[in-house]
>>> print(open('entry-v8.pdb').read())   # PDB, C-alpha atoms
ATOM      1  CA  MET A   1     -10.051 -29.930 -16.553
ATOM      2  CA  LEU A   2     -11.072 -26.458 -15.388
ATOM      3  CA  LEU A   3     -11.741 -26.581 -11.654
ATOM      4  CA  LEU A   4     -15.165 -25.685 -10.309
ATOM      5  CA  GLN A   5     -13.595 -23.628  -7.533
ATOM      6  CA  ASN A   6     -10.304 -21.940  -8.281
ATOM      7  CA  PRO A   7      -7.831 -22.915  -5.522
ATOM      8  CA  ASN A   8      -5.267 -20.241  -6.313
ATOM      9  CA  ALA A   9      -4.261 -17.257  -4.193
ATOM     10  CA  PHE A  10      -5.509 -13.830  -5.417
ATOM     11  CA  THR A  11      -8.694 -15.362  -6.887
ATOM     12  CA  ARG A  12     -12.372 -15.380  -5.794
ATOM     13  CA  SER A  13     -12.531 -11.808  -4.511
ATOM     14  CA  PRO A  14     -15.214 -11.207  -1.874
ATOM     15  CA  LEU A  15     -15.897  -7.770  -3.380
ATOM     16  CA  ASP A  16     -18.182  -6.814  -6.241
ATOM     17  CA  ARG A  17     -15.969  -4.564  -8.378
ATOM     18  CA  ALA A  18     -19.052  -2.494  -9.282
ATOM     19  CA  GLY A  19     -17.267  -0.956 -12.245
ATOM     20  CA  HIS A  20     -20.294   1.163 -13.171
ATOM     21  CA  HIS A  21     -19.523   3.420 -10.202
ATOM     22  CA  ARG A  22     -16.022   4.288 -11.417
ATOM     23  CA  ARG A  23     -17.247   7.060 -13.744
ATOM     24  CA  ASP A  24     -19.779   8.441 -11.251
ATOM     25  CA  ALA A  25     -17.955  11.281  -9.487
ATOM     26  CA  ALA A  26     -20.922  12.121  -7.263
ATOM     27  CA  TRP A  27     -21.277   8.522  -6.103
ATOM     28  CA  LEU A  28     -17.562   8.231  -5.380
ATOM     29  CA  GLU A  29     -17.553  11.490  -3.397
ATOM     30  CA  ALA A  30     -20.488  10.293  -1.304
ATOM     31  CA  ALA A  31     -18.863   6.896  -0.778
ATOM     32  CA  LEU A  32     -15.708   8.540   0.536
ATOM     33  CA  LYS A  33     -17.788  10.250   3.216
ATOM     34  CA  ALA A  34     -19.906   7.236   4.196
ATOM     35  CA  GLU A  35     -19.462   5.726   7.659
ATOM     36  CA  MET A  36     -19.304   2.159   6.298
ATOM     37  CA  THR A  37     -16.560   2.904   3.773
ATOM     38  CA  LEU A  38     -13.148   1.354   4.418
ATOM     39  CA  LEU A  39      -9.695   2.396   3.223
ATOM     40  CA  VAL A  40      -6.557   0.279   3.145
ATOM     41  CA  PRO A  41      -3.367   2.347   2.877
ATOM     42  CA  PHE A  42      -0.484   1.412   0.569
ATOM     43  CA  ASN A  43       3.030   2.824   0.525
ATOM     44  CA  GLU A  44       5.346   2.018  -2.391
ATOM     45  CA  GLN A  45       3.009  -0.836  -3.392
ATOM     46  CA  ARG A  46       3.156  -2.307   0.126
ATOM     47  CA  PRO A  47      -0.174  -2.789   1.965
ATOM     48  CA  PHE A  48      -0.709  -1.619   5.525
ATOM     49  CA  VAL A  49      -1.336  -4.575   7.832
ATOM     50  CA  THR A  50      -1.838  -5.225  11.512
ATOM     51  CA  GLU A  51      -1.006  -8.288  13.542
ATOM     52  CA  ALA A  52      -2.539  -9.749  16.663
ATOM     53  CA  GLY A  53      -2.239 -13.225  18.101
ATOM     54  CA  GLY A  54      -0.151 -14.352  15.146
ATOM     55  CA  ALA A  55      -2.802 -13.395  12.577
ATOM     56  CA  VAL A  56      -2.041 -10.805   9.897
ATOM     57  CA  VAL A  57      -4.918  -8.766   8.436
ATOM     58  CA  PRO A  58      -5.214  -5.665   6.249
ATOM     59  CA  GLY A  59      -5.176  -2.465   8.269
ATOM     60  CA  TRP A  60      -8.555  -1.144   7.180
ATOM     61  CA  LEU A  61      -9.358   2.403   8.284
ATOM     62  CA  GLY A  62     -12.572   4.371   8.190
ATOM     63  CA  ALA A  63     -13.021   6.910   5.398
ATOM     64  CA  HIS A  64     -12.672   9.718   7.955
ATOM     65  CA  ALA A  65      -8.975   8.807   8.343
ATOM     66  CA  ARG A  66      -8.200   9.886   4.786
ATOM     67  CA  ALA A  67      -7.411  13.520   5.602
ATOM     68  CA  GLY A  68      -5.023  12.576   8.392
ATOM     69  CA  ILE A  69      -2.899  10.050   6.509
ATOM     70  CA  ALA A  70      -2.645  11.307   2.934
ATOM     71  CA  ARG A  71      -2.558  14.421   0.782
ATOM     72  CA  HIS A  72      -5.856  15.641  -0.623
ATOM     73  CA  ASP A  73      -4.726  14.529  -4.092
ATOM     74  CA  ALA A  74      -3.434  11.115  -2.982
ATOM     75  CA  ARG A  75      -4.098   8.360  -5.490
ATOM     76  CA  LEU A  76      -7.232   6.341  -4.712
ATOM     77  CA  LEU A  77      -8.413   3.046  -6.144
ATOM     78  CA  PHE A  78     -12.005   1.895  -5.783
ATOM     79  CA  LEU A  79     -11.829  -1.825  -5.047
ATOM     80  CA  GLY A  80     -15.535  -2.607  -4.880
ATOM     81  CA  LEU A  81     -18.456  -3.286  -2.554
ATOM     82  CA  ASN A  82     -18.894  -6.005   0.044
ATOM     83  CA  ASP A  83     -22.132  -7.920   0.580
ATOM     84  CA  ALA A  84     -23.408  -5.173   2.913
ATOM     85  CA  GLY A  85     -22.818  -2.511   0.268
ATOM     86  CA  ALA A  86     -19.807  -0.936   1.988
ATOM     87  CA  ALA A  87     -17.326   0.626  -0.409
ATOM     88  CA  HIS A  88     -13.676  -0.435  -0.165
ATOM     89  CA  PHE A  89     -10.824   1.750  -1.407
ATOM     90  CA  ALA A  90      -7.037   1.542  -1.456
ATOM     91  CA  ILE A  91      -5.180   4.812  -0.892
ATOM     92  CA  ASP A  92      -1.576   5.592  -1.771
ATOM     93  CA  VAL A  93       0.158   7.104   1.270
ATOM     94  CA  ASP A  94       3.497   8.864   0.716
ATOM     95  CA  ASP A  95       4.475   9.249   4.393
ATOM     96  CA  PRO A  96       4.366   5.914   6.277
ATOM     97  CA  ALA A  97       5.269   7.713   9.530
ATOM     98  CA  LYS A  98       1.679   8.957   9.761
ATOM     99  CA  LEU A  99       0.598   5.424  10.645
ATOM    100  CA  GLU A 100       3.553   4.549  12.826
ATOM    101  CA  GLY A 101       2.613   2.480  15.844
ATOM    102  CA  LEU A 102      -0.696   1.328  14.352
ATOM    103  CA  GLY A 103       0.673  -1.387  12.094
ATOM    104  CA  ARG A 104       3.217  -1.732   9.325
ATOM    105  CA  PHE A 105       3.622  -1.565   5.560
ATOM    106  CA  ASP A 106       4.936  -4.881   4.277
ATOM    107  CA  ASP A 107       5.729  -6.648   1.017
ATOM    108  CA  LEU A 108       2.642  -8.460  -0.270
ATOM    109  CA  ARG A 109       4.590 -11.414  -1.606
ATOM    110  CA  ALA A 110       6.192 -11.985   1.801
ATOM    111  CA  LEU A 111       2.815 -11.598   3.491
ATOM    112  CA  GLY A 112       1.060 -13.936   1.077
ATOM    113  CA  PRO A 113       1.190 -17.202   3.038
ATOM    114  CA  ARG A 114      -0.074 -15.440   6.184
ATOM    115  CA  LEU A 115      -3.039 -13.580   4.703
ATOM    116  CA  SER A 116      -6.457 -15.114   4.136
ATOM    117  CA  HIS A 117      -7.680 -16.040   0.664
ATOM    118  CA  ASP A 118     -10.185 -13.153   0.732
ATOM    119  CA  ASP A 119      -7.563 -10.635   1.853
ATOM    120  CA  LEU A 120      -5.159 -11.645  -0.914
ATOM    121  CA  ALA A 121      -7.907 -11.339  -3.526
ATOM    122  CA  THR A 122      -8.710  -7.854  -2.217
ATOM    123  CA  LEU A 123      -5.164  -6.509  -1.901
ATOM    124  CA  GLY A 124      -3.743  -8.072  -5.074
ATOM    125  CA  PRO A 125      -5.481  -5.752  -7.567
ATOM    126  CA  ALA A 126      -4.449  -2.673  -5.573
ATOM    127  CA  LYS A 127      -0.801  -3.700  -5.556
ATOM    128  CA  ALA A 128      -0.807  -4.363  -9.298
ATOM    129  CA  VAL A 129      -2.661  -1.184 -10.266
ATOM    130  CA  PHE A 130      -0.629   1.102  -8.007
ATOM    131  CA  GLU A 131       2.565  -0.286  -9.532
ATOM    132  CA  TRP A 132       1.153   0.294 -13.014
ATOM    133  CA  HIS A 133       0.430   3.921 -12.141
ATOM    134  CA  VAL A 134       4.002   4.497 -10.964
ATOM    135  CA  LYS A 135       5.381   3.244 -14.291
ATOM    136  CA  ASN A 136       2.839   4.923 -16.567
ATOM    137  CA  SER A 137       2.684   8.587 -15.625
ATOM    138  CA  TYR A 138       3.220   9.705 -19.216
ATOM    139  CA  CYS A 139       1.254   9.082 -22.376
ATOM    140  CA  ALA A 140       2.742   6.373 -24.597
ATOM    141  CA  ASN A 141       1.192   8.137 -27.592
ATOM    142  CA  CYS A 142       2.431  11.727 -27.218
ATOM    143  CA  GLY A 143       4.568  11.802 -24.069
ATOM    144  CA  ALA A 144       2.422  14.242 -22.099
ATOM    145  CA  PRO A 145       1.659  13.688 -18.375
ATOM    146  CA  THR A 146      -1.558  11.722 -17.945
ATOM    147  CA  LEU A 147      -4.372  12.066 -15.418
ATOM    148  CA  VAL A 148      -5.774   9.346 -13.162
ATOM    149  CA  VAL A 149      -9.492   8.889 -13.844
ATOM    150  CA  GLU A 150     -12.321   6.407 -13.247
ATOM    151  CA  ALA A 151     -11.498   5.785  -9.585
ATOM    152  CA  GLY A 152      -7.931   4.763 -10.395
ATOM    153  CA  TRP A 153      -8.714   2.283 -13.168
ATOM    154  CA  LYS A 154      -7.674   4.426 -16.132
ATOM    155  CA  ARG A 155      -5.242   7.162 -17.132
ATOM    156  CA  SER A 156      -6.296   9.784 -19.652
ATOM    157  CA  CYS A 157      -4.091  12.096 -21.705
ATOM    158  CA  PRO A 158      -5.317  15.714 -21.723
ATOM    159  CA  MET A 159      -3.196  16.502 -24.806
ATOM    160  CA  CYS A 160      -4.135  13.781 -27.307
ATOM    161  CA  SER A 161      -7.133  12.167 -25.535
ATOM    162  CA  ALA A 162      -5.474   8.736 -25.497
ATOM    163  CA  GLU A 163      -6.786   6.325 -22.869
ATOM    164  CA  HIS A 164      -4.506   3.951 -20.962
ATOM    165  CA  PHE A 165      -5.648   0.962 -18.922
ATOM    166  CA  PRO A 166      -3.864  -1.201 -16.326
ATOM    167  CA  ARG A 167      -1.536  -3.733 -17.872
ATOM    168  CA  VAL A 168      -1.994  -7.499 -17.588
ATOM    169  CA  ASP A 169       0.758  -9.830 -18.839
ATOM    170  CA  PRO A 170      -0.424 -13.374 -19.734
ATOM    171  CA  VAL A 171       1.975 -16.138 -18.685
ATOM    172  CA  CYS A 172       1.628 -19.846 -19.357
ATOM    173  CA  ILE A 173       2.819 -22.088 -16.530
ATOM    174  CA  MET A 174       2.927 -25.825 -17.074
ATOM    175  CA  VAL A 175       3.867 -29.156 -15.589
ATOM    176  CA  PRO A 176       4.974 -31.529 -18.382
ATOM    177  CA  THR A 177       4.065 -35.174 -17.817
ATOM    178  CA  PHE A 178       5.126 -38.427 -19.468
ATOM    179  CA  GLY A 179       3.310 -41.517 -18.310
ATOM    180  CA  ASP A 180       3.498 -41.685 -14.529
ATOM    181  CA  LYS A 181       6.093 -38.982 -13.982
ATOM    182  CA  CYS A 182       6.294 -35.210 -14.279
ATOM    183  CA  PHE A 183       9.098 -32.810 -15.113
ATOM    184  CA  LEU A 184      10.067 -29.877 -12.899
ATOM    185  CA  ALA A 185      12.947 -27.469 -13.291
ATOM    186  CA  ARG A 186      14.859 -24.943 -11.230
ATOM    187  CA  GLN A 187      16.533 -21.593 -11.758
ATOM    188  CA  LYS A 188      19.945 -20.857 -10.308
ATOM    189  CA  MET A 189      18.632 -17.964  -8.196
ATOM    190  CA  TRP A 190      16.121 -20.167  -6.349
ATOM    191  CA  PRO A 191      16.808 -21.678  -2.913
ATOM    192  CA  ARG A 192      18.781 -24.900  -3.078
ATOM    193  CA  GLY A 193      16.508 -27.854  -3.812
ATOM    194  CA  MET A 194      13.505 -25.874  -5.041
ATOM    195  CA  HIS A 195      11.919 -27.242  -8.236
ATOM    196  CA  SER A 196       8.891 -25.779  -9.982
ATOM    197  CA  ALA A 197       6.825 -25.716 -13.154
ATOM    198  CA  LEU A 198       8.046 -24.318 -16.458
ATOM    199  CA  ALA A 199       6.696 -20.888 -17.370
ATOM    200  CA  GLY A 200       6.938 -18.167 -19.992
ATOM    201  CA  PHE A 201       5.181 -15.112 -21.366
ATOM    202  CA  ILE A 202       2.603 -15.602 -24.094
ATOM    203  CA  GLU A 203       3.600 -13.624 -27.167
ATOM    204  CA  PRO A 204       1.336 -11.465 -29.394
ATOM    205  CA  GLY A 205      -0.580 -13.549 -31.907
ATOM    206  CA  GLU A 206       0.072 -16.772 -29.985
ATOM    207  CA  ALA A 207      -2.565 -19.139 -28.601
ATOM    208  CA  ILE A 208      -2.141 -20.432 -25.046
ATOM    209  CA  GLU A 209      -1.555 -23.970 -26.332
ATOM    210  CA  GLU A 210       1.061 -22.727 -28.792
ATOM    211  CA  ALA A 211       2.878 -20.824 -26.042
ATOM    212  CA  VAL A 212       2.878 -23.919 -23.828
ATOM    213  CA  ALA A 213       4.385 -26.014 -26.621
ATOM    214  CA  ARG A 214       6.972 -23.370 -27.550
ATOM    215  CA  GLU A 215       8.143 -22.660 -23.991
ATOM    216  CA  THR A 216       8.316 -26.364 -23.092
ATOM    217  CA  MET A 217      10.432 -27.053 -26.163
ATOM    218  CA  GLU A 218      12.647 -23.993 -25.661
ATOM    219  CA  GLU A 219      13.315 -24.564 -21.966
ATOM    220  CA  ALA A 220      13.403 -28.362 -21.741
ATOM    221  CA  GLY A 221      13.540 -29.751 -25.279
ATOM    222  CA  LEU A 222      10.260 -31.631 -24.712
ATOM    223  CA  LYS A 223       7.605 -31.845 -27.455
ATOM    224  CA  VAL A 224       4.061 -31.257 -26.189
ATOM    225  CA  VAL A 225       1.348 -33.540 -27.590
ATOM    226  CA  GLU A 226      -1.592 -32.593 -25.346
ATOM    227  CA  VAL A 227      -2.524 -29.522 -23.276
ATOM    228  CA  ARG A 228      -5.078 -29.688 -20.465
ATOM    229  CA  MET A 229      -6.209 -26.436 -18.876
ATOM    230  CA  HIS A 230      -6.204 -26.392 -15.083
ATOM    231  CA  SER A 231      -6.794 -22.913 -13.628
ATOM    232  CA  THR A 232      -5.617 -19.323 -13.700
ATOM    233  CA  GLN A 233      -4.075 -17.017 -11.120
ATOM    234  CA  PRO A 234      -3.738 -13.231 -11.075
ATOM    235  CA  TRP A 235      -0.157 -12.679  -9.909
ATOM    236  CA  PRO A 236       0.512  -9.029  -8.960
ATOM    237  CA  PHE A 237       4.313  -9.221  -9.162
ATOM    238  CA  PRO A 238       4.021  -6.954 -10.985
ATOM    239  CA  HIS A 239       0.852  -7.637 -13.044
ATOM    240  CA  SER A 240       0.759 -11.115 -14.578
ATOM    241  CA  LEU A 241      -2.069 -13.529 -15.243
ATOM    242  CA  MET A 242      -0.768 -17.067 -14.765
ATOM    243  CA  ILE A 243      -2.519 -19.609 -17.008
ATOM    244  CA  GLY A 244      -1.887 -23.039 -15.541
ATOM    245  CA  VAL A 245      -1.875 -26.248 -17.583
ATOM    246  CA  LEU A 246      -0.792 -29.857 -17.431
ATOM    247  CA  CYS A 247       0.796 -31.006 -20.680
ATOM    248  CA  GLU A 248       1.684 -34.481 -21.876
ATOM    249  CA  VAL A 249       4.960 -34.681 -23.807
ATOM    250  CA  GLU A 250       6.185 -37.106 -26.462
ATOM    251  CA  HIS A 251       9.234 -38.463 -24.621
ATOM    252  CA  ASP A 252      11.272 -38.049 -21.432
ATOM    253  CA  ARG A 253      14.616 -37.045 -22.972
ATOM    254  CA  GLU A 254      14.946 -33.453 -21.800
ATOM    255  CA  THR A 255      17.493 -30.925 -23.091
ATOM    256  CA  ILE A 256      17.834 -28.037 -20.662
ATOM    257  CA  ASP A 257      18.305 -24.474 -21.909
ATOM    258  CA  THR A 258      20.943 -23.390 -19.417
ATOM    259  CA  PHE A 259      20.341 -19.715 -20.229
ATOM    260  CA  GLU A 260      16.834 -20.017 -18.764
ATOM    261  CA  LEU A 261      17.300 -22.854 -16.253
ATOM    262  CA  GLU A 262      19.969 -24.393 -14.085
ATOM    263  CA  THR A 263      18.666 -27.930 -14.245
ATOM    264  CA  GLY A 264      15.548 -30.102 -14.273
ATOM    265  CA  ARG A 265      14.472 -33.609 -13.356
ATOM    266  CA  TRP A 266      11.602 -36.073 -13.529
ATOM    267  CA  PHE A 267       9.576 -36.980 -10.443
ATOM    268  CA  THR A 268       7.273 -39.963 -10.030
ATOM    269  CA  ARG A 269       3.752 -39.477  -8.731
ATOM    270  CA  GLU A 270       4.801 -40.694  -5.286
ATOM    271  CA  GLU A 271       7.723 -38.266  -5.282
ATOM    272  CA  ALA A 272       5.377 -35.457  -6.291
ATOM    273  CA  LYS A 273       3.203 -36.228  -3.282
ATOM    274  CA  LEU A 274       6.294 -35.932  -1.081
ATOM    275  CA  LEU A 275       7.161 -32.614  -2.741
ATOM    276  CA  ILE A 276       3.805 -30.991  -2.016
ATOM    277  CA  ALA A 277       3.931 -32.347   1.539
ATOM    278  CA  ALA A 278       7.452 -30.896   1.967
ATOM    279  CA  LYS A 279       8.778 -34.369   2.793
ATOM    280  CA  HIS A 280      10.993 -35.121  -0.204
ATOM    281  CA  PRO A 281      14.593 -35.760   0.929
ATOM    282  CA  GLU A 282      16.252 -33.892  -1.952
ATOM    283  CA  ALA A 283      13.863 -31.290  -3.287
ATOM    284  CA  PHE A 284      10.855 -29.133  -2.478
ATOM    285  CA  ALA A 285       8.097 -27.427  -4.427
ATOM    286  CA  PRO A 286       6.635 -23.912  -4.173
ATOM    287  CA  PRO A 287       4.118 -23.410  -1.339
ATOM    288  CA  PRO A 288       0.311 -23.594  -1.802
ATOM    289  CA  PHE A 289       0.374 -19.811  -2.336
ATOM    290  CA  ALA A 290       1.731 -20.449  -5.877
ATOM    291  CA  ILE A 291      -0.184 -21.938  -8.794
ATOM    292  CA  ALA A 292       2.753 -24.273  -9.499
ATOM    293  CA  HIS A 293       1.954 -26.056  -6.225
ATOM    294  CA  GLN A 294      -1.693 -26.460  -7.234
ATOM    295  CA  LEU A 295      -0.767 -27.861 -10.649
ATOM    296  CA  LEU A 296       1.551 -30.408  -9.081
ATOM    297  CA  LYS A 297      -1.023 -31.272  -6.401
ATOM    298  CA  THR A 298      -3.742 -31.955  -8.976
ATOM    299  CA  TRP A 299      -1.470 -34.213 -11.027
ATOM    300  CA  ALA A 300      -0.089 -36.067  -7.981
ATOM    301  CA  GLU A 301      -3.484 -36.727  -6.420
TER     302      GLU A 301
END
>>> encode(input="entry-v8.pdb", output="structure tokens")
Amino acid sequence: MLLLQNPNAFTRSPLDRAGHHRRDAAWLEAALKAEMTLLVPFNEQRPFVTEAGGAVVPGWLGAHARAGIARHDARLLFLGLNDAGAAHFAIDVDDPAKLEGLGRFDDLRALGPRLSHDDLATLGPAKAVFEWHVKNSYCANCGAPTLVVEAGWKRSCPMCSAEHFPRVDPVCIMVPTFGDKCFLARQKMWPRGMHSALAGFIEPGEAIEEAVARETMEEAGLKVVEVRMHSTQPWPFPHSLMIGVLCEVEHDRETIDTFELETGRWFTREEAKLLIAAKHPEAFAPPPFAIAHQLLKTWAE
């Protein structure tokens, strides 16, 4: 059931990542001096944005602004090239006051519903990779400080020559179905009434289908008999890859794991339509920004 056009936020980037340029120091140096090049500042994994007329957009700056807003050794990440060949970079700024009055640094998750699909797909990788850098300054092999190389996409250890790459955590997220109804659950920390898909990390040596079956059984006591792939979503909070599926289960007698979940309930197809339209009288689903919404929407419609 893979969709021809992925509907999820943080997908379908408008940039060509042009990974072959990452090792080319001369090309990168020239790109950082080019008039067309654009930089988007980040501070503590928060993108710089501007707002006008109710619209929120990334606060892109020309490459010439680099010297005025960041140290000469500030962390840079090459994001890619647009259709006109203009290079796009993210730059890690340690002093947000240098951009005061021009815009603001804001949490990407909070900004998500207000940013365009293209902007989310552009900013998402930067947020995830910058957070990875903060947590991986030292070599996992020998403990020595590592160096940022390849335009921000790798760390290299000068002591043992180990190479470290940005982390991606695969997560299965699923909506169990039985006949003409689907099962959604909620965690205690969520806003009152919010129900969403089941989800869990895929473990080493485990197939996606196996993880779906295991997590569905562990969290809800439901035995999966069929798994249908739907779509995937990069989720930079901090660096997950959500793998969305619809799964048919053997029966509708759930047993909730109260360590993982607070409760769960079945919804008919008509109720699911009310959930995604935010018109259900007792519950609501995640917004379109989240893959759980898209899974439920596909099943309901």
>>> atom_distance(input="entry-v8.pdb", atom1="atom CA of Arg155 of chain A", atom2="atom CA of Phe78 of chain A")
14.2 Å
>>> resolve_selection(input="entry-v8.pdb", expression="the PyMOL selection byres ((chain A and resi 6) around 10)", output="mmCIF file with C-alpha atoms, in the frame of the given file")
data_model
loop_
_atom_site.group_PDB
_atom_site.id
_atom_site.type_symbol
_atom_site.label_atom_id
_atom_site.label_comp_id
_atom_site.auth_asym_id
_atom_site.auth_seq_id
_atom_site.Cartn_x
_atom_site.Cartn_y
_atom_site.Cartn_z
ATOM 1 C CA LEU A 2 -11.072 -26.458 -15.388
ATOM 2 C CA LEU A 3 -11.741 -26.581 -11.654
ATOM 3 C CA LEU A 4 -15.165 -25.685 -10.309
ATOM 4 C CA GLN A 5 -13.595 -23.628 -7.533
ATOM 5 C CA PRO A 7 -7.831 -22.915 -5.522
ATOM 6 C CA ASN A 8 -5.267 -20.241 -6.313
ATOM 7 C CA ALA A 9 -4.261 -17.257 -4.193
ATOM 8 C CA PHE A 10 -5.509 -13.830 -5.417
ATOM 9 C CA THR A 11 -8.694 -15.362 -6.887
ATOM 10 C CA ARG A 12 -12.372 -15.380 -5.794
ATOM 11 C CA HIS A 230 -6.204 -26.392 -15.083
ATOM 12 C CA SER A 231 -6.794 -22.913 -13.628
ATOM 13 C CA THR A 232 -5.617 -19.323 -13.700
ATOM 14 C CA GLN A 233 -4.075 -17.017 -11.120
ATOM 15 C CA GLN A 294 -1.693 -26.460 -7.234
#
>>> residues_around(input="entry-v8.pdb", residues="segment 131-139 of chain A", least_positions_apart="3", cutoff="7 Å", atoms="only C-alpha atoms", output="ChimeraX atom specification")
/A:45,127-128,142-146,157,166-167,238
>>> write_last_selection(input="entry-v8.pdb", atoms="C-alpha atoms", output="PDB file, in the coordinates of the input")
ATOM      1  CA  GLN A  45       3.009  -0.836  -3.392  1.00  0.00           C
ATOM      2  CA  LYS A 127      -0.801  -3.700  -5.556  1.00  0.00           C
ATOM      3  CA  ALA A 128      -0.807  -4.363  -9.298  1.00  0.00           C
ATOM      4  CA  CYS A 142       2.431  11.727 -27.218  1.00  0.00           C
ATOM      5  CA  GLY A 143       4.568  11.802 -24.069  1.00  0.00           C
ATOM      6  CA  ALA A 144       2.422  14.242 -22.099  1.00  0.00           C
ATOM      7  CA  PRO A 145       1.659  13.688 -18.375  1.00  0.00           C
ATOM      8  CA  THR A 146      -1.558  11.722 -17.945  1.00  0.00           C
ATOM      9  CA  CYS A 157      -4.091  12.096 -21.705  1.00  0.00           C
ATOM     10  CA  PRO A 166      -3.864  -1.201 -16.326  1.00  0.00           C
ATOM     11  CA  ARG A 167      -1.536  -3.733 -17.872  1.00  0.00           C
ATOM     12  CA  PRO A 238       4.021  -6.954 -10.985  1.00  0.00           C
TER      13      PRO A 238
END
>>> atom_distance(input="entry-v8.pdb", atom1="atom CA of Ile243 of chain A", atom2="atom CA of Glu282 of chain A")
28.0 Å
>>> residues_around(input="entry-v8.pdb", residues="Phe130 of chain A", least_positions_apart="4", cutoff="9 Å", atoms="only C-alpha atoms", output="list of chain:residue names")
A:Phe42, A:Glu44, A:Gln45, A:Arg75, A:Leu77, A:Asp92, A:Pro125, A:Ala126, A:Val134, A:Lys135, A:Gly152
>>> resolve_selection(input="entry-v8.pdb", expression="the PyMOL selection byres ((chain A and resi 109-120) around 8)", output="PyMOL selection string")
chain A and resi 9-14+55-58+106-108+121-124+237+289
>>> atom_distance(input="entry-v8.pdb", atom1="atom CA of Gly19 of chain A", atom2="atom CA of Pro170 of chain A")
22.2 Å
>>> closest_residue(input="entry-v8.pdb", among="A:Ala87, A:Val40, A:Ile69, A:Met189", to="Trp27 of chain A", atoms="all atoms listed in the file")
A:Ala87
>>> resolve_selection(input="entry-v8.pdb", expression="the PyMOL selection byres ((chain A and resi 284) around 10)", output="ChimeraX atom specification")
/A:191-196,272,274-283,285-287
>>> closest_residue(input="entry-v8.pdb", among="A:Lys181, A:Met36, A:Leu246, A:Ile291", to="Glu270 of chain A", atoms="all atoms listed in the file")
A:Lys181
>>> closest_residue(input="entry-v8.pdb", among="A:Ala70, A:Ala151, A:Ala199, A:Ala292", to="Glu29 of chain A", atoms="all atoms listed in the file")
A:Ala151
>>> closest_residue(input="entry-v8.pdb", among="A:Gly200, A:Pro41, A:Gly80, A:Gly59", to="Gly244 of chain A", atoms="all atoms listed in the file")
A:Gly200
>>> closest_residue(input="entry-v8.pdb", among="A:His88, A:Lys297, A:Ala211, A:Cys172", to="Leu32 of chain A", atoms="all atoms listed in the file")
A:His88
>>> residues_around(input="entry-v8.pdb", residues="Leu198 of chain A", least_positions_apart="2", cutoff="10 Å", atoms="all atoms listed in the file", output="short mmCIF file (atom, residue, chain, number, x, y, z; two decimals) with C-alpha atoms, in the coordinates of the input")
data_model
loop_
_atom_site.label_atom_id
_atom_site.label_comp_id
_atom_site.auth_asym_id
_atom_site.auth_seq_id
_atom_site.Cartn_x
_atom_site.Cartn_y
_atom_site.Cartn_z
CA CYS A 172 1.63 -19.85 -19.36
CA ILE A 173 2.82 -22.09 -16.53
CA MET A 174 2.93 -25.82 -17.07
CA VAL A 175 3.87 -29.16 -15.59
CA PRO A 176 4.97 -31.53 -18.38
CA PHE A 183 9.10 -32.81 -15.11
CA LEU A 184 10.07 -29.88 -12.90
CA ALA A 185 12.95 -27.47 -13.29
CA ARG A 186 14.86 -24.94 -11.23
CA HIS A 195 11.92 -27.24 -8.24
CA SER A 196 8.89 -25.78 -9.98
CA GLY A 200 6.94 -18.17 -19.99
CA VAL A 212 2.88 -23.92 -23.83
CA GLU A 215 8.14 -22.66 -23.99
CA THR A 216 8.32 -26.36 -23.09
CA GLU A 219 13.32 -24.56 -21.97
CA ALA A 220 13.40 -28.36 -21.74
CA LEU A 261 17.30 -22.85 -16.25
CA GLY A 264 15.55 -30.10 -14.27
CA ALA A 292 2.75 -24.27 -9.50
#
